[in-house]
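One structure is given below, encoded as structure tokens.
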Amino acid sequence: MAATHTSENRTVLTFLAHPDDAEILCAGTLVRLKDAGWTIHIATATAGDCGTMTENRWDISSIRTKEATAAAKLIGATYHCLGEGDGLVVYDKATIQKAVDLFRRVAPGLVFTHAPKDYMLDHEQVSLLARSASFLYGAPNISLHPILPRSRVPYLYYCDPVEGLDPLGHEVEPTTTIDITAQLETKSRMLACHASQREWLRAHHGMDEYIDAMMRHAAMRGKLIGTSAAESFVQHRGHAYPNDDVLATLFS
Ligand SMILES: [Zn+2]
């Protein structure tokens, strides 16, 4: 039953495409989960090897892995990377297996991933991988890694697409919005660990407001619930997934 599910398994996994996605999309909620006693894992499909105008892919991957690890460390989280390439993330047999093996080792009771429709296809492919891995990881024969007793289909939430818009420009309607007013400062410090990206976004996107853009989005979501900052999610409620809104239960 869903009600006992959470009390048995207080491990959360964010599985997103790139280093800094977790900090932008759901880190405030991760801080709240950490404060509530949860174990936090932050995983990315890539090490961000194309997030640069100046470094080679090996150097920037090393830099960004260190940045992501430092950000995770601020909330005592463990960072994982599947080692895929930026722009090359695909939903195929080999990558599904890597994702399933990650889920098998972490055995999460709660998962955050990208919106099914988002501005970049890496995000959409990771969303599919997370959906597949979350559904499968508790099946004994799907992985050679040992199966932990808490393994079962977890709560699954989709983070906002970038700017809260799908690729056709339609606004996503959240099912769940979490107040992160008290966590915004830590979320900002986590994002600031990704120093290389402030420069990369300035050069490639013409954005000079790496952290301010995150702040503006948090403020926009805060308006939905009458607070100064929030993060929004859409809960996956398909067959076999626990469909009670555990985040709302925990934090409202
Ligand atoms: Zn991304």
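Lettering and numbering for the structure tokens are positional, with chains as A, B, ... in the shown order, residues counted from 1 in each chain, and ligands counted from 1 in the shown order.
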
Which residues come within 8 Å of region 224-238 of chain A, counting only C-alpha atoms, excluding same-chain residues fewer than 2 positions away, as an NGL selection string? :A and (25-26 or 28-29 or 115 or 155-160 or 173-181 or 184 or 215 or 218-222 or 240-243 or 245)

Write out as a PyMOL selection string all residues of region 9-189 of chain A that backbone DSSP assigns to strand (DSSP E or B). chain A and resi 11-16+39-46+78-84+110-113+155-159+165+171+176-179

May I have a table of the residues of chain A lying at most 12 Å from ligand 1, giving each one's closest pair of atoms and their distance in Å to one decimal, counting only C-alpha atoms and all ligand atoms, ordered by chain and ascending residue number, as a tab-separated table?
```
residue	atom	partner	partner_atom_place_in_ligand_line	distance
A:Phe15	CA	ligand 1	1 (Zn)	10.9
A:Leu16	CA	ligand 1	1 (Zn)	7.1
A:Ala17	CA	ligand 1	1 (Zn)	5.1
A:His18	CA	ligand 1	1 (Zn)	4.5
A:Pro19	CA	ligand 1	1 (Zn)	7.2
A:Asp20	CA	ligand 1	1 (Zn)	7.2
A:Asp21	CA	ligand 1	1 (Zn)	5.1
A:Ala22	CA	ligand 1	1 (Zn)	8.7
A:Glu23	CA	ligand 1	1 (Zn)	10.4
A:Ile24	CA	ligand 1	1 (Zn)	9.2
A:Leu25	CA	ligand 1	1 (Zn)	9.6
A:Ala43	CA	ligand 1	1 (Zn)	11.9
A:Thr44	CA	ligand 1	1 (Zn)	9.0
A:Ala45	CA	ligand 1	1 (Zn)	9.5
A:Thr46	CA	ligand 1	1 (Zn)	9.2
A:Ala47	CA	ligand 1	1 (Zn)	10.6
A:Gly48	CA	ligand 1	1 (Zn)	8.6
A:Asp49	CA	ligand 1	1 (Zn)	11.8
A:Cys50	CA	ligand 1	1 (Zn)	11.2
A:Gly51	CA	ligand 1	1 (Zn)	9.9
A:Gly85	CA	ligand 1	1 (Zn)	11.8
A:Asp86	CA	ligand 1	1 (Zn)	8.9
A:Gly87	CA	ligand 1	1 (Zn)	9.8
A:Val89	CA	ligand 1	1 (Zn)	11.1
A:Thr113	CA	ligand 1	1 (Zn)	10.7
A:His114	CA	ligand 1	1 (Zn)	8.7
A:Ala115	CA	ligand 1	1 (Zn)	11.1
A:Asp118	CA	ligand 1	1 (Zn)	9.5
A:Tyr119	CA	ligand 1	1 (Zn)	9.1
A:Met120	CA	ligand 1	1 (Zn)	7.4
A:Leu121	CA	ligand 1	1 (Zn)	9.3
A:Asp122	CA	ligand 1	1 (Zn)	7.1
A:His123	CA	ligand 1	1 (Zn)	6.1
A:Glu124	CA	ligand 1	1 (Zn)	9.9
A:Gln125	CA	ligand 1	1 (Zn)	11.1
A:Val126	CA	ligand 1	1 (Zn)	9.7
A:Ser127	CA	ligand 1	1 (Zn)	11.3
A:Cys159	CA	ligand 1	1 (Zn)	11.5
A:Asp160	CA	ligand 1	1 (Zn)	11.6
A:Pro161	CA	ligand 1	1 (Zn)	9.7
A:Val162	CA	ligand 1	1 (Zn)	8.6
A:Gln197	CA	ligand 1	1 (Zn)	11.3
```

Selection: 10 Å around region 9-12 of chain A, only C-alpha atoms, excl. self and same-chain fewer than 6 positions, as a ChimeraX atom specification: /A:30,33-34,36-42,77,106-112,149-152,154-156

I need the residues from that last selection saved to file as a PDB file, in the first residue's frame (with N, CA and C atoms), if you can.
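Saved result, out.pdb, follows:
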```
ATOM      1  N   LEU A  30      14.552  18.759  -2.260  1.00  0.00           N
ATOM      2  CA  LEU A  30      15.545  17.814  -1.715  1.00  0.00           C
ATOM      3  C   LEU A  30      16.020  18.260  -0.336  1.00  0.00           C
ATOM      4  N   LEU A  33      13.434  17.276   2.083  1.00  0.00           N
ATOM      5  CA  LEU A  33      13.462  15.826   2.332  1.00  0.00           C
ATOM      6  C   LEU A  33      14.645  15.465   3.229  1.00  0.00           C
ATOM      7  N   LYS A  34      15.785  16.092   2.971  1.00  0.00           N
ATOM      8  CA  LYS A  34      16.949  15.844   3.813  1.00  0.00           C
ATOM      9  C   LYS A  34      16.638  16.199   5.270  1.00  0.00           C
ATOM     10  N   ALA A  36      13.907  16.186   6.644  1.00  0.00           N
ATOM     11  CA  ALA A  36      12.912  15.238   7.183  1.00  0.00           C
ATOM     12  C   ALA A  36      13.517  13.844   7.385  1.00  0.00           C
ATOM     13  N   GLY A  37      14.822  13.727   7.153  1.00  0.00           N
ATOM     14  CA  GLY A  37      15.498  12.472   7.452  1.00  0.00           C
ATOM     15  C   GLY A  37      15.688  11.528   6.280  1.00  0.00           C
ATOM     16  N   TRP A  38      15.408  12.021   5.071  1.00  0.00           N
ATOM     17  CA  TRP A  38      15.564  11.161   3.902  1.00  0.00           C
ATOM     18  C   TRP A  38      17.030  11.076   3.474  1.00  0.00           C
ATOM     19  N   THR A  39      17.372   9.968   2.808  1.00  0.00           N
ATOM     20  CA  THR A  39      18.676   9.795   2.172  1.00  0.00           C
ATOM     21  C   THR A  39      18.554  10.267   0.725  1.00  0.00           C
ATOM     22  N   ILE A  40      19.493  11.129   0.300  1.00  0.00           N
ATOM     23  CA  ILE A  40      19.367  11.800  -0.998  1.00  0.00           C
ATOM     24  C   ILE A  40      20.424  11.294  -1.981  1.00  0.00           C
ATOM     25  N   HIS A  41      19.972  10.926  -3.176  1.00  0.00           N
ATOM     26  CA  HIS A  41      20.877  10.574  -4.283  1.00  0.00           C
ATOM     27  C   HIS A  41      20.555  11.474  -5.474  1.00  0.00           C
ATOM     28  N   ILE A  42      21.600  12.045  -6.065  1.00  0.00           N
ATOM     29  CA  ILE A  42      21.445  12.903  -7.241  1.00  0.00           C
ATOM     30  C   ILE A  42      22.212  12.249  -8.389  1.00  0.00           C
ATOM     31  N   ALA A  77      24.221  14.633   0.037  1.00  0.00           N
ATOM     32  CA  ALA A  77      23.720  13.701  -0.973  1.00  0.00           C
ATOM     33  C   ALA A  77      24.872  12.989  -1.681  1.00  0.00           C
ATOM     34  N   VAL A 106      20.437   1.982  -5.740  1.00  0.00           N
ATOM     35  CA  VAL A 106      19.924   3.025  -4.843  1.00  0.00           C
ATOM     36  C   VAL A 106      18.619   2.577  -4.170  1.00  0.00           C
ATOM     37  N   ALA A 107      17.797   1.844  -4.905  1.00  0.00           N
ATOM     38  CA  ALA A 107      16.486   1.364  -4.423  1.00  0.00           C
ATOM     39  C   ALA A 107      15.630   2.509  -3.858  1.00  0.00           C
ATOM     40  N   PRO A 108      15.303   3.493  -4.711  1.00  0.00           N
ATOM     41  CA  PRO A 108      14.564   4.661  -4.219  1.00  0.00           C
ATOM     42  C   PRO A 108      13.082   4.364  -3.966  1.00  0.00           C
ATOM     43  N   GLY A 109      12.537   5.072  -2.970  1.00  0.00           N
ATOM     44  CA  GLY A 109      11.092   5.038  -2.741  1.00  0.00           C
ATOM     45  C   GLY A 109      10.399   6.229  -3.382  1.00  0.00           C
ATOM     46  N   LEU A 110      11.211   7.204  -3.815  1.00  0.00           N
ATOM     47  CA  LEU A 110      10.704   8.443  -4.413  1.00  0.00           C
ATOM     48  C   LEU A 110      11.709   8.868  -5.480  1.00  0.00           C
ATOM     49  N   VAL A 111      11.191   9.207  -6.665  1.00  0.00           N
ATOM     50  CA  VAL A 111      12.059   9.563  -7.793  1.00  0.00           C
ATOM     51  C   VAL A 111      11.580  10.878  -8.416  1.00  0.00           C
ATOM     52  N   PHE A 112      12.535  11.738  -8.733  1.00  0.00           N
ATOM     53  CA  PHE A 112      12.266  12.936  -9.528  1.00  0.00           C
ATOM     54  C   PHE A 112      12.981  12.794 -10.869  1.00  0.00           C
ATOM     55  N   PRO A 149      15.690  -5.172  -0.003  1.00  0.00           N
ATOM     56  CA  PRO A 149      14.322  -5.499   0.442  1.00  0.00           C
ATOM     57  C   PRO A 149      13.313  -4.378   0.200  1.00  0.00           C
ATOM     58  N   ARG A 150      13.775  -3.118   0.203  1.00  0.00           N
ATOM     59  CA  ARG A 150      12.830  -2.006   0.052  1.00  0.00           C
ATOM     60  C   ARG A 150      12.439  -1.742  -1.402  1.00  0.00           C
ATOM     61  N   SER A 151      12.968  -2.538  -2.322  1.00  0.00           N
ATOM     62  CA  SER A 151      12.755  -2.284  -3.752  1.00  0.00           C
ATOM     63  C   SER A 151      11.305  -2.532  -4.163  1.00  0.00           C
ATOM     64  N   ARG A 152      10.700  -1.505  -4.727  1.00  0.00           N
ATOM     65  CA  ARG A 152       9.379  -1.637  -5.333  1.00  0.00           C
ATOM     66  C   ARG A 152       9.118  -0.392  -6.168  1.00  0.00           C
ATOM     67  N   PRO A 154       8.484   3.033  -7.136  1.00  0.00           N
ATOM     68  CA  PRO A 154       8.507   4.214  -6.256  1.00  0.00           C
ATOM     69  C   PRO A 154       7.485   5.274  -6.673  1.00  0.00           C
ATOM     70  N   TYR A 155       7.283   6.247  -5.794  1.00  0.00           N
ATOM     71  CA  TYR A 155       6.604   7.474  -6.201  1.00  0.00           C
ATOM     72  C   TYR A 155       7.448   8.128  -7.290  1.00  0.00           C
ATOM     73  N   LEU A 156       6.803   8.615  -8.336  1.00  0.00           N
ATOM     74  CA  LEU A 156       7.527   9.253  -9.436  1.00  0.00           C
ATOM     75  C   LEU A 156       6.920  10.632  -9.703  1.00  0.00           C
TER      76      LEU A 156
END
```

Using only C-alpha atoms, find the one residue out of A:Arg202, A:His217, A:Lys223, A:Arg32 that sits nearest to Ile75 (chain A). A:Arg32

Among region 37-248 of chain A, which residues does DSSP mark as alpha helix (DSSP H) when it is run on the backbone? Keep the chain and numbering as in the structure and answer as number ranges by chain. A: 57-73, 93-106, 121-136, 184-192, 195-204, 210-225, 246-248

Let me see the file: selected residues, C-alpha atoms, as a compact mmCIF listing (two decimals), in the first residue's frame.
```
# COMPACT_ATOMS: atom_id res chain seq x y z
CA ARG A 57 35.14 17.20 -23.29
CA TRP A 58 37.35 15.38 -20.82
CA ASP A 59 38.37 18.48 -18.89
CA ILE A 60 34.84 19.91 -18.74
CA SER A 61 33.45 16.51 -17.65
CA SER A 62 35.98 16.44 -14.83
CA ILE A 63 35.18 20.02 -13.81
CA ARG A 64 31.43 19.45 -13.88
CA THR A 65 31.62 16.14 -12.00
CA LYS A 66 33.46 17.96 -9.23
CA GLU A 67 30.88 20.78 -9.28
CA ALA A 68 27.98 18.32 -9.08
CA THR A 69 29.66 16.38 -6.29
CA ALA A 70 30.27 19.60 -4.34
CA ALA A 71 26.63 20.68 -4.78
CA ALA A 72 25.38 17.28 -3.61
CA LYS A 73 27.72 17.40 -0.63
CA LYS A 93 18.58 -1.28 -24.38
CA ALA A 94 22.05 -0.43 -23.11
CA THR A 95 21.03 2.83 -21.45
CA ILE A 96 17.86 1.35 -19.96
CA GLN A 97 20.04 -1.32 -18.36
CA LYS A 98 22.42 1.29 -16.94
CA ALA A 99 19.51 3.22 -15.52
CA VAL A 100 17.92 0.09 -14.06
CA ASP A 101 21.22 -0.92 -12.46
CA LEU A 102 21.51 2.54 -10.88
CA PHE A 103 17.97 2.31 -9.51
CA ARG A 104 18.68 -1.21 -8.29
CA ARG A 105 21.70 -0.03 -6.27
CA VAL A 106 19.92 3.02 -4.84
CA LEU A 121 15.60 15.85 -26.04
CA ASP A 122 18.18 14.66 -23.49
CA HIS A 123 15.58 15.64 -20.88
CA GLU A 124 12.80 13.74 -22.64
CA GLN A 125 14.94 10.62 -23.09
CA VAL A 126 15.95 10.66 -19.41
CA SER A 127 12.29 11.02 -18.48
CA LEU A 128 11.58 7.81 -20.41
CA LEU A 129 14.59 6.08 -18.83
CA ALA A 130 13.43 7.07 -15.34
CA ARG A 131 9.93 5.86 -16.03
CA SER A 132 11.25 2.55 -17.30
CA ALA A 133 13.80 2.05 -14.53
CA SER A 134 11.39 2.99 -11.76
CA PHE A 135 8.85 0.47 -13.00
CA LEU A 136 11.36 -2.33 -13.54
CA LEU A 184 16.03 28.90 -1.35
CA GLU A 185 19.35 30.02 0.07
CA THR A 186 20.73 26.47 0.16
CA LYS A 187 19.33 25.77 -3.32
CA SER A 188 21.15 28.88 -4.57
CA ARG A 189 24.40 27.81 -2.95
CA MET A 190 24.05 24.38 -4.58
CA LEU A 191 23.50 25.98 -7.99
CA ALA A 192 26.43 28.32 -7.44
CA ALA A 195 30.58 27.89 -11.63
CA SER A 196 31.55 26.68 -15.11
CA GLN A 197 27.94 26.97 -16.27
CA ARG A 198 27.54 30.61 -15.40
CA GLU A 199 30.21 31.34 -18.00
CA TRP A 200 28.92 28.78 -20.54
CA LEU A 201 25.35 30.08 -20.42
CA ARG A 202 26.59 33.62 -20.82
CA ALA A 203 28.52 32.63 -23.94
CA HIS A 204 26.05 30.23 -25.57
CA TYR A 210 22.18 31.80 -14.06
CA ILE A 211 20.96 32.03 -10.49
CA ASP A 212 18.54 34.91 -11.03
CA ALA A 213 16.67 32.86 -13.67
CA MET A 214 16.23 30.07 -11.12
CA MET A 215 15.05 32.62 -8.55
CA ARG A 216 12.49 34.08 -10.94
CA HIS A 217 11.05 30.65 -11.69
CA ALA A 218 10.89 29.81 -7.97
CA ALA A 219 9.06 33.10 -7.37
CA MET A 220 6.62 32.35 -10.21
CA ARG A 221 5.82 28.94 -8.70
CA GLY A 222 5.56 30.49 -5.25
CA LYS A 223 2.66 32.63 -6.48
CA LEU A 224 0.64 29.44 -7.03
CA ILE A 225 0.59 28.79 -3.28
CA VAL A 246 3.32 11.90 -0.85
CA LEU A 247 5.04 15.27 -1.29
CA ALA A 248 1.87 17.16 -0.46
```

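Of note, CA of Cys81 (chain A) and CA of Thr14 (chain A) are spaced 11.3 Å apart.
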
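For the pair CA of His239 (chain A) and CA of Gly138 (chain A), the interatomic distance is 15.2 Å.
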
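Between CA of His194 (chain A) and CA of Glu55 (chain A) lies a distance of 14.9 Å.
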